[in-house]
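Enquirer: File my_file-v4.cif follows (mmCIF, N, CA and C atoms):
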data_target
loop_
_atom_site.group_PDB
_atom_site.id
_atom_site.type_symbol
_atom_site.label_atom_id
_atom_site.label_comp_id
_atom_site.auth_asym_id
_atom_site.auth_seq_id
_atom_site.Cartn_x
_atom_site.Cartn_y
_atom_site.Cartn_z
ATOM 1 N N MET A 1 -4.237 0.678 -82.340
ATOM 2 C CA MET A 1 -3.256 0.967 -81.324
ATOM 3 C C MET A 1 -3.693 2.236 -80.597
ATOM 4 N N LYS A 2 -3.558 2.240 -79.295
ATOM 5 C CA LYS A 2 -3.852 3.421 -78.486
ATOM 6 C C LYS A 2 -2.623 4.305 -78.407
ATOM 7 N N ASN A 3 -2.835 5.614 -78.335
ATOM 8 C CA ASN A 3 -1.744 6.557 -78.132
ATOM 9 C C ASN A 3 -1.823 7.100 -76.716
ATOM 10 N N VAL A 4 -0.669 7.179 -76.065
ATOM 11 C CA VAL A 4 -0.575 7.703 -74.708
ATOM 12 C C VAL A 4 0.518 8.762 -74.692
ATOM 13 N N THR A 5 0.229 9.878 -74.066
ATOM 14 C CA THR A 5 1.216 10.942 -73.927
ATOM 15 C C THR A 5 1.633 11.019 -72.458
ATOM 16 N N VAL A 6 2.930 11.030 -72.227
ATOM 17 C CA VAL A 6 3.464 11.098 -70.867
ATOM 18 C C VAL A 6 4.401 12.297 -70.790
ATOM 19 N N THR A 7 4.218 13.094 -69.760
ATOM 20 C CA THR A 7 5.093 14.244 -69.542
ATOM 21 C C THR A 7 6.051 13.896 -68.408
ATOM 22 N N LEU A 8 7.343 13.993 -68.686
ATOM 23 C CA LEU A 8 8.371 13.656 -67.706
ATOM 24 C C LEU A 8 9.115 14.907 -67.268
ATOM 25 N N PRO A 9 9.523 14.952 -66.020
ATOM 26 C CA PRO A 9 10.372 16.065 -65.581
ATOM 27 C C PRO A 9 11.700 16.043 -66.354
ATOM 28 N N GLU A 10 12.278 17.195 -66.544
ATOM 29 C CA GLU A 10 13.560 17.299 -67.256
ATOM 30 C C GLU A 10 14.647 16.460 -66.581
ATOM 31 N N SER A 11 14.517 16.253 -65.271
ATOM 32 C CA SER A 11 15.545 15.519 -64.530
ATOM 33 C C SER A 11 15.544 14.015 -64.831
ATOM 34 N N VAL A 12 14.465 13.521 -65.424
ATOM 35 C CA VAL A 12 14.396 12.093 -65.775
ATOM 36 C C VAL A 12 15.116 11.902 -67.099
ATOM 37 N N GLU A 13 16.192 11.151 -67.020
ATOM 38 C CA GLU A 13 16.985 10.929 -68.224
ATOM 39 C C GLU A 13 16.734 9.532 -68.747
ATOM 40 N N ALA A 14 15.925 9.451 -69.799
ATOM 41 C CA ALA A 14 15.621 8.173 -70.436
ATOM 42 C C ALA A 14 15.289 8.445 -71.893
ATOM 43 N N GLU A 15 15.766 7.568 -72.741
ATOM 44 C CA GLU A 15 15.483 7.673 -74.167
ATOM 45 C C GLU A 15 14.068 7.147 -74.432
ATOM 46 N N GLU A 16 13.473 7.588 -75.517
ATOM 47 C CA GLU A 16 12.120 7.150 -75.864
ATOM 48 C C GLU A 16 12.040 5.630 -76.013
ATOM 49 N N TRP A 17 13.040 5.017 -76.676
ATOM 50 C CA TRP A 17 13.014 3.564 -76.874
ATOM 51 C C TRP A 17 13.047 2.842 -75.530
ATOM 52 N N GLU A 18 13.798 3.418 -74.577
ATOM 53 C CA GLU A 18 13.942 2.816 -73.263
ATOM 54 C C GLU A 18 12.609 2.861 -72.501
ATOM 55 N N LEU A 19 11.918 3.987 -72.580
ATOM 56 C CA LEU A 19 10.617 4.119 -71.926
ATOM 57 C C LEU A 19 9.603 3.154 -72.534
ATOM 58 N N LYS A 20 9.619 3.033 -73.860
ATOM 59 C CA LYS A 20 8.720 2.096 -74.528
ATOM 60 C C LYS A 20 9.027 0.659 -74.102
ATOM 61 N N MET A 21 10.304 0.350 -73.990
ATOM 62 C CA MET A 21 10.715 -0.989 -73.588
ATOM 63 C C MET A 21 10.286 -1.275 -72.151
ATOM 64 N N MET A 22 10.434 -0.300 -71.264
ATOM 65 C CA MET A 22 10.010 -0.483 -69.871
ATOM 66 C C MET A 22 8.513 -0.775 -69.789
ATOM 67 N N LEU A 23 7.733 0.004 -70.507
ATOM 68 C CA LEU A 23 6.285 -0.193 -70.511
ATOM 69 C C LEU A 23 5.928 -1.556 -71.091
ATOM 70 N N ALA A 24 6.524 -1.885 -72.219
ATOM 71 C CA ALA A 24 6.239 -3.166 -72.867
ATOM 72 C C ALA A 24 6.628 -4.346 -71.971
ATOM 73 N N ALA A 25 7.786 -4.247 -71.326
ATOM 74 C CA ALA A 25 8.256 -5.317 -70.446
ATOM 75 C C ALA A 25 7.309 -5.524 -69.270
ATOM 76 N N MET A 26 6.831 -4.433 -68.688
ATOM 77 C CA MET A 26 5.911 -4.552 -67.556
ATOM 78 C C MET A 26 4.569 -5.135 -67.985
ATOM 79 N N LEU A 27 4.064 -4.710 -69.121
ATOM 80 C CA LEU A 27 2.800 -5.265 -69.618
ATOM 81 C C LEU A 27 2.948 -6.754 -69.921
ATOM 82 N N TYR A 28 4.088 -7.128 -70.486
ATOM 83 C CA TYR A 28 4.366 -8.538 -70.774
ATOM 84 C C TYR A 28 4.459 -9.341 -69.478
ATOM 85 N N GLN A 29 5.189 -8.808 -68.507
ATOM 86 C CA GLN A 29 5.390 -9.496 -67.229
ATOM 87 C C GLN A 29 4.061 -9.708 -66.503
ATOM 88 N N GLN A 30 3.170 -8.741 -66.586
ATOM 89 C CA GLN A 30 1.880 -8.824 -65.909
ATOM 90 C C GLN A 30 0.838 -9.607 -66.706
ATOM 91 N N GLY A 31 1.228 -10.077 -67.883
ATOM 92 C CA GLY A 31 0.302 -10.858 -68.699
ATOM 93 C C GLY A 31 -0.748 -10.020 -69.402
ATOM 94 N N LYS A 32 -0.522 -8.723 -69.484
ATOM 95 C CA LYS A 32 -1.477 -7.836 -70.139
ATOM 96 C C LYS A 32 -1.184 -7.680 -71.625
ATOM 97 N N ALA A 33 -0.023 -8.138 -72.060
ATOM 98 C CA ALA A 33 0.359 -8.095 -73.474
ATOM 99 C C ALA A 33 1.135 -9.360 -73.803
ATOM 100 N N THR A 34 0.915 -9.883 -74.978
ATOM 101 C CA THR A 34 1.691 -11.045 -75.443
ATOM 102 C C THR A 34 3.088 -10.571 -75.834
ATOM 103 N N GLY A 35 3.962 -11.512 -76.104
ATOM 104 C CA GLY A 35 5.306 -11.151 -76.551
ATOM 105 C C GLY A 35 5.279 -10.333 -77.828
ATOM 106 N N GLY A 36 4.409 -10.712 -78.749
ATOM 107 C CA GLY A 36 4.285 -9.978 -80.007
ATOM 108 C C GLY A 36 3.735 -8.584 -79.815
ATOM 109 N N GLU A 37 2.715 -8.463 -78.963
ATOM 110 C CA GLU A 37 2.135 -7.148 -78.684
ATOM 111 C C GLU A 37 3.147 -6.245 -77.987
ATOM 112 N N ALA A 38 3.851 -6.806 -77.016
ATOM 113 C CA ALA A 38 4.850 -6.033 -76.278
ATOM 114 C C ALA A 38 5.980 -5.589 -77.206
ATOM 115 N N ALA A 39 6.388 -6.466 -78.107
ATOM 116 C CA ALA A 39 7.435 -6.111 -79.071
ATOM 117 C C ALA A 39 6.976 -4.958 -79.953
ATOM 118 N N GLU A 40 5.713 -4.983 -80.347
ATOM 119 C CA GLU A 40 5.166 -3.902 -81.171
ATOM 120 C C GLU A 40 5.174 -2.581 -80.391
ATOM 121 N N ILE A 41 4.799 -2.631 -79.114
ATOM 122 C CA ILE A 41 4.830 -1.437 -78.267
ATOM 123 C C ILE A 41 6.253 -0.887 -78.182
ATOM 124 N N ALA A 42 7.211 -1.794 -78.017
ATOM 125 C CA ALA A 42 8.618 -1.395 -77.899
ATOM 126 C C ALA A 42 9.223 -0.960 -79.229
ATOM 127 N N GLY A 43 8.531 -1.278 -80.328
ATOM 128 C CA GLY A 43 9.024 -0.882 -81.650
ATOM 129 C C GLY A 43 10.170 -1.728 -82.149
ATOM 130 N N MET A 44 10.108 -3.029 -81.831
ATOM 131 C CA MET A 44 11.175 -3.936 -82.268
ATOM 132 C C MET A 44 10.591 -5.298 -82.600
ATOM 133 N N SER A 45 11.416 -6.160 -83.148
ATOM 134 C CA SER A 45 10.953 -7.512 -83.458
ATOM 135 C C SER A 45 10.720 -8.279 -82.162
ATOM 136 N N LYS A 46 9.910 -9.305 -82.245
ATOM 137 C CA LYS A 46 9.637 -10.129 -81.061
ATOM 138 C C LYS A 46 10.930 -10.757 -80.553
ATOM 139 N N ARG A 47 11.758 -11.215 -81.453
ATOM 140 C CA ARG A 47 13.031 -11.845 -81.068
ATOM 141 C C ARG A 47 13.913 -10.862 -80.289
ATOM 142 N N THR A 48 14.036 -9.651 -80.791
ATOM 143 C CA THR A 48 14.851 -8.639 -80.117
ATOM 144 C C THR A 48 14.243 -8.291 -78.762
ATOM 145 N N PHE A 49 12.914 -8.136 -78.724
ATOM 146 C CA PHE A 49 12.234 -7.830 -77.469
ATOM 147 C C PHE A 49 12.524 -8.897 -76.420
ATOM 148 N N LEU A 50 12.378 -10.163 -76.793
ATOM 149 C CA LEU A 50 12.608 -11.252 -75.845
ATOM 150 C C LEU A 50 14.058 -11.277 -75.368
ATOM 151 N N LYS A 51 14.993 -10.941 -76.260
ATOM 152 C CA LYS A 51 16.407 -10.878 -75.863
ATOM 153 C C LYS A 51 16.660 -9.746 -74.869
ATOM 154 N N MET A 52 15.931 -8.647 -75.007
ATOM 155 C CA MET A 52 16.137 -7.461 -74.171
ATOM 156 C C MET A 52 15.483 -7.576 -72.789
ATOM 157 N N LEU A 53 14.540 -8.478 -72.612
ATOM 158 C CA LEU A 53 13.795 -8.560 -71.354
ATOM 159 C C LEU A 53 14.696 -8.674 -70.127
ATOM 160 N N GLY A 54 15.715 -9.505 -70.193
ATOM 161 C CA GLY A 54 16.613 -9.707 -69.060
ATOM 162 C C GLY A 54 17.288 -8.426 -68.613
ATOM 163 N N LYS A 55 17.610 -7.556 -69.555
ATOM 164 C CA LYS A 55 18.248 -6.286 -69.222
ATOM 165 C C LYS A 55 17.299 -5.365 -68.462
ATOM 166 N N PHE A 56 16.015 -5.663 -68.535
ATOM 167 C CA PHE A 56 15.006 -4.861 -67.842
ATOM 168 C C PHE A 56 14.410 -5.609 -66.655
ATOM 169 N N GLY A 57 15.075 -6.698 -66.244
ATOM 170 C CA GLY A 57 14.677 -7.430 -65.052
ATOM 171 C C GLY A 57 13.423 -8.271 -65.194
ATOM 172 N N VAL A 58 13.097 -8.646 -66.427
ATOM 173 C CA VAL A 58 11.896 -9.445 -66.673
ATOM 174 C C VAL A 58 12.305 -10.772 -67.295
ATOM 175 N N SER A 59 11.740 -11.854 -66.772
ATOM 176 C CA SER A 59 12.029 -13.187 -67.301
ATOM 177 C C SER A 59 11.198 -13.453 -68.552
ATOM 178 N N VAL A 60 11.789 -14.159 -69.487
ATOM 179 C CA VAL A 60 11.068 -14.582 -70.684
ATOM 180 C C VAL A 60 10.015 -15.612 -70.299
ATOM 181 N N PHE A 61 10.267 -16.330 -69.225
ATOM 182 C CA PHE A 61 9.391 -17.412 -68.809
ATOM 183 C C PHE A 61 8.294 -16.909 -67.889
ATOM 184 N N SER A 62 7.137 -17.480 -68.041
ATOM 185 C CA SER A 62 5.984 -17.106 -67.221
ATOM 186 C C SER A 62 6.152 -17.638 -65.808
ATOM 187 N N ASP A 63 5.574 -16.949 -64.848
ATOM 188 C CA ASP A 63 5.574 -17.412 -63.465
ATOM 189 C C ASP A 63 4.499 -18.456 -63.225
ATOM 190 N N SER A 64 3.571 -18.579 -64.153
ATOM 191 C CA SER A 64 2.445 -19.482 -64.000
ATOM 192 C C SER A 64 2.820 -20.904 -64.422
ATOM 193 N N VAL A 65 2.548 -21.863 -63.554
ATOM 194 C CA VAL A 65 2.811 -23.265 -63.874
ATOM 195 C C VAL A 65 1.931 -23.694 -65.039
ATOM 196 N N ASP A 66 0.686 -23.239 -65.053
ATOM 197 C CA ASP A 66 -0.222 -23.579 -66.152
ATOM 198 C C ASP A 66 0.313 -23.076 -67.487
ATOM 199 N N ASP A 67 0.838 -21.843 -67.498
ATOM 200 C CA ASP A 67 1.417 -21.295 -68.730
ATOM 201 C C ASP A 67 2.625 -22.110 -69.167
ATOM 202 N N LEU A 68 3.452 -22.506 -68.213
ATOM 203 C CA LEU A 68 4.627 -23.305 -68.532
ATOM 204 C C LEU A 68 4.224 -24.650 -69.124
ATOM 205 N N LEU A 69 3.231 -25.306 -68.522
ATOM 206 C CA LEU A 69 2.755 -26.588 -69.048
ATOM 207 C C LEU A 69 2.186 -26.437 -70.454
ATOM 208 N N THR A 70 1.463 -25.360 -70.683
ATOM 209 C CA THR A 70 0.927 -25.097 -72.022
ATOM 210 C C THR A 70 2.056 -24.900 -73.015
ATOM 211 N N ASP A 71 3.080 -24.148 -72.618
ATOM 212 C CA ASP A 71 4.233 -23.940 -73.498
ATOM 213 C C ASP A 71 4.923 -25.263 -73.832
ATOM 214 N N VAL A 72 5.079 -26.119 -72.843
ATOM 215 C CA VAL A 72 5.722 -27.421 -73.058
ATOM 216 C C VAL A 72 4.873 -28.269 -74.008
ATOM 217 N N GLN A 73 3.560 -28.270 -73.805
ATOM 218 C CA GLN A 73 2.668 -29.041 -74.683
ATOM 219 C C GLN A 73 2.724 -28.509 -76.111
ATOM 220 N N ASN A 74 2.724 -27.176 -76.246
ATOM 221 C CA ASN A 74 2.789 -26.578 -77.574
ATOM 222 C C ASN A 74 4.106 -26.888 -78.269
ATOM 223 N N ALA A 75 5.184 -26.863 -77.521
ATOM 224 C CA ALA A 75 6.494 -27.187 -78.097
ATOM 225 C C ALA A 75 6.544 -28.645 -78.528
ATOM 226 N N GLY A 76 5.967 -29.529 -77.726
ATOM 227 C CA GLY A 76 5.942 -30.951 -78.074
ATOM 228 C C GLY A 76 5.074 -31.238 -79.274
ATOM 229 N N GLY A 77 4.023 -30.478 -79.452
ATOM 230 C CA GLY A 77 3.114 -30.667 -80.574
ATOM 231 C C GLY A 77 3.734 -30.346 -81.909
ATOM 232 N N ARG A 78 4.769 -29.526 -81.912
ATOM 233 C CA ARG A 78 5.415 -29.151 -83.166
ATOM 234 C C ARG A 78 6.230 -30.291 -83.757
ATOM 235 N N ASN A 79 6.637 -31.223 -82.905
ATOM 236 C CA ASN A 79 7.466 -32.324 -83.381
ATOM 237 C C ASN A 79 6.647 -33.513 -83.872
ATOM 238 N N SER A 80 5.342 -33.502 -83.623
ATOM 239 C CA SER A 80 4.548 -34.669 -84.007
ATOM 240 C C SER A 80 4.017 -34.574 -85.394
#
For this file, write the structure as structure tokens.
Expert:
Amino acid sequence: MKNVTVTLPESVEAEEWELKMMLAAMLYQQGKATGGEAAEIAGMSKRTFLKMLGKFGVSVFSDSVDDLLTDVQNAGGRNS
């Protein structure tokens, strides 16, 4: 895991968990981190992370049609 230090002005009011969640959500949205990786960055379970995404303006669903088709195929494969 990489460590990053960010210095914020005193006027920025945000909790550490909130900043981690914002970063994780953006990385997830941009496809730079998987749901599991983003959850680890945010310091929470994958399930909790996915539930929190909407509160941060990020969809759980990918914008990519190819990703959606892959998800549908993977979901269908579990039942066979």
Enquirer: Among chain A, which ones does DSSP place in alpha helix (DSSP H), written as a PyMOL selection string?
Expert: chain A and resi 16-29+35-42+46-52+65-77
Enquirer: State, in Å with one decimal place, the distance from atom CA of Gly57 of chain A to atom N of Met1 of chain A.
Expert: 26.9 Å
Enquirer: Report, in Å with one decimal, the straight-line distance from atom CA of Ala42 of chain A to atom CA of Ala24 of chain A.
Expert: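 Computing it gives 5.8 Å between the two atoms.
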Enquirer: Might I get the box with edges along x, y and z of the file that holds all atoms of segment 26-29 of chain A listed there, padded by 3 Å on every side, given as centre and edge lengths in Å to one decimal, as JSON?
Expert:
{"center_x": 4.8, "center_y": -7.1, "center_z": -68.6, "size_x": 10.0, "size_y": 11.3, "size_z": 10.3}
Enquirer: State, in Å with one decimal place, the distance from atom N of Lys20 of chain A to atom C of Gly43 of chain A.
Expert: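 Computing the Euclidean distance for atom N of Lys20 of chain A and atom C of Gly43 of chain A yields 9.6 Å.
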Enquirer: Kindly resolve the PyMOL selection byres (((chain A and resi 58-62 and name CA) around 12) and name CA) on the present coordinates and return the residues as a VMD selection string.
Expert: chain A and resid 21 to 31 34 to 35 38 46 to 57 63 to 72
Enquirer: Name the residues that the PyMOL selection byres (((chain A and resi 6 and name CA) around 12) and name CA) picks from the file above, as JSON, numbers by chain, using the file's chain letters and numbers.
Expert: {"A": [3, 4, 5, 7, 8, 9, 16, 19, 20, 23]}
Enquirer: Return segment 43-54 of chain A, completed with all heavy atoms, as an mmCIF file, in the coordinates of the input.
Expert:
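For reference, selection09.cif as written:
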data_model
loop_
_atom_site.group_PDB
_atom_site.id
_atom_site.type_symbol
_atom_site.label_atom_id
_atom_site.label_comp_id
_atom_site.auth_asym_id
_atom_site.auth_seq_id
_atom_site.Cartn_x
_atom_site.Cartn_y
_atom_site.Cartn_z
ATOM 1 N N GLY A 43 8.531 -1.278 -80.328
ATOM 2 C CA GLY A 43 9.024 -0.882 -81.650
ATOM 3 C C GLY A 43 10.170 -1.728 -82.149
ATOM 4 O O GLY A 43 11.084 -1.235 -82.794
ATOM 5 N N MET A 44 10.108 -3.029 -81.831
ATOM 6 C CA MET A 44 11.175 -3.936 -82.268
ATOM 7 C C MET A 44 10.591 -5.298 -82.600
ATOM 8 O O MET A 44 9.418 -5.554 -82.338
ATOM 9 C CB MET A 44 12.249 -4.051 -81.182
ATOM 10 C CG MET A 44 11.741 -4.543 -79.846
ATOM 11 S SD MET A 44 12.974 -4.520 -78.501
ATOM 12 C CE MET A 44 13.280 -2.791 -78.292
ATOM 13 N N SER A 45 11.416 -6.160 -83.148
ATOM 14 C CA SER A 45 10.953 -7.512 -83.458
ATOM 15 C C SER A 45 10.720 -8.279 -82.162
ATOM 16 O O SER A 45 11.286 -7.941 -81.110
ATOM 17 C CB SER A 45 11.988 -8.247 -84.315
ATOM 18 O OG SER A 45 13.136 -8.558 -83.531
ATOM 19 N N LYS A 46 9.910 -9.305 -82.245
ATOM 20 C CA LYS A 46 9.637 -10.129 -81.061
ATOM 21 C C LYS A 46 10.930 -10.757 -80.553
ATOM 22 O O LYS A 46 11.176 -10.806 -79.345
ATOM 23 C CB LYS A 46 8.609 -11.210 -81.397
ATOM 24 C CG LYS A 46 8.199 -12.051 -80.208
ATOM 25 C CD LYS A 46 7.114 -13.041 -80.578
ATOM 26 C CE LYS A 46 6.749 -13.927 -79.416
ATOM 27 N NZ LYS A 46 5.714 -14.920 -79.795
ATOM 28 N N ARG A 47 11.758 -11.215 -81.453
ATOM 29 C CA ARG A 47 13.031 -11.845 -81.068
ATOM 30 C C ARG A 47 13.913 -10.862 -80.289
ATOM 31 O O ARG A 47 14.473 -11.197 -79.243
ATOM 32 C CB ARG A 47 13.744 -12.347 -82.314
ATOM 33 C CG ARG A 47 15.036 -13.047 -82.032
ATOM 34 C CD ARG A 47 15.679 -13.526 -83.295
ATOM 35 N NE ARG A 47 16.900 -14.230 -82.972
ATOM 36 C CZ ARG A 47 17.384 -15.210 -83.669
ATOM 37 N NH1 ARG A 47 16.780 -15.625 -84.751
ATOM 38 N NH2 ARG A 47 18.504 -15.791 -83.313
ATOM 39 N N THR A 48 14.036 -9.651 -80.791
ATOM 40 C CA THR A 48 14.851 -8.639 -80.117
ATOM 41 C C THR A 48 14.243 -8.291 -78.762
ATOM 42 O O THR A 48 14.953 -8.167 -77.761
ATOM 43 C CB THR A 48 14.981 -7.374 -80.986
ATOM 44 O OG1 THR A 48 15.588 -7.740 -82.229
ATOM 45 C CG2 THR A 48 15.800 -6.299 -80.302
ATOM 46 N N PHE A 49 12.914 -8.136 -78.724
ATOM 47 C CA PHE A 49 12.234 -7.830 -77.469
ATOM 48 C C PHE A 49 12.524 -8.897 -76.420
ATOM 49 O O PHE A 49 12.891 -8.584 -75.292
ATOM 50 C CB PHE A 49 10.721 -7.703 -77.699
ATOM 51 C CG PHE A 49 9.939 -7.567 -76.426
ATOM 52 C CD1 PHE A 49 9.949 -6.377 -75.723
ATOM 53 C CD2 PHE A 49 9.216 -8.632 -75.921
ATOM 54 C CE1 PHE A 49 9.240 -6.246 -74.531
ATOM 55 C CE2 PHE A 49 8.502 -8.513 -74.742
ATOM 56 C CZ PHE A 49 8.517 -7.318 -74.042
ATOM 57 N N LEU A 50 12.378 -10.163 -76.793
ATOM 58 C CA LEU A 50 12.608 -11.252 -75.845
ATOM 59 C C LEU A 50 14.058 -11.277 -75.368
ATOM 60 O O LEU A 50 14.328 -11.567 -74.204
ATOM 61 C CB LEU A 50 12.199 -12.588 -76.458
ATOM 62 C CG LEU A 50 10.697 -12.742 -76.725
ATOM 63 C CD1 LEU A 50 10.409 -14.052 -77.461
ATOM 64 C CD2 LEU A 50 9.880 -12.644 -75.454
ATOM 65 N N LYS A 51 14.993 -10.941 -76.260
ATOM 66 C CA LYS A 51 16.407 -10.878 -75.863
ATOM 67 C C LYS A 51 16.660 -9.746 -74.869
ATOM 68 O O LYS A 51 17.498 -9.856 -73.987
ATOM 69 C CB LYS A 51 17.301 -10.670 -77.092
ATOM 70 C CG LYS A 51 17.505 -11.899 -77.925
ATOM 71 C CD LYS A 51 18.456 -11.574 -79.063
ATOM 72 C CE LYS A 51 18.775 -12.775 -79.892
ATOM 73 N NZ LYS A 51 19.726 -12.446 -80.974
ATOM 74 N N MET A 52 15.931 -8.647 -75.007
ATOM 75 C CA MET A 52 16.137 -7.461 -74.171
ATOM 76 C C MET A 52 15.483 -7.576 -72.789
ATOM 77 O O MET A 52 15.844 -6.830 -71.878
ATOM 78 C CB MET A 52 15.556 -6.229 -74.870
ATOM 79 C CG MET A 52 16.239 -5.842 -76.159
ATOM 80 S SD MET A 52 17.824 -5.062 -75.894
ATOM 81 C CE MET A 52 17.314 -3.540 -75.126
ATOM 82 N N LEU A 53 14.540 -8.478 -72.612
ATOM 83 C CA LEU A 53 13.795 -8.560 -71.354
ATOM 84 C C LEU A 53 14.696 -8.674 -70.127
ATOM 85 O O LEU A 53 14.454 -8.021 -69.116
ATOM 86 C CB LEU A 53 12.815 -9.732 -71.380
ATOM 87 C CG LEU A 53 11.519 -9.497 -72.128
ATOM 88 C CD1 LEU A 53 10.683 -10.776 -72.147
ATOM 89 C CD2 LEU A 53 10.726 -8.355 -71.532
ATOM 90 N N GLY A 54 15.715 -9.505 -70.193
ATOM 91 C CA GLY A 54 16.613 -9.707 -69.060
ATOM 92 C C GLY A 54 17.288 -8.426 -68.613
ATOM 93 O O GLY A 54 17.503 -8.204 -67.418
#
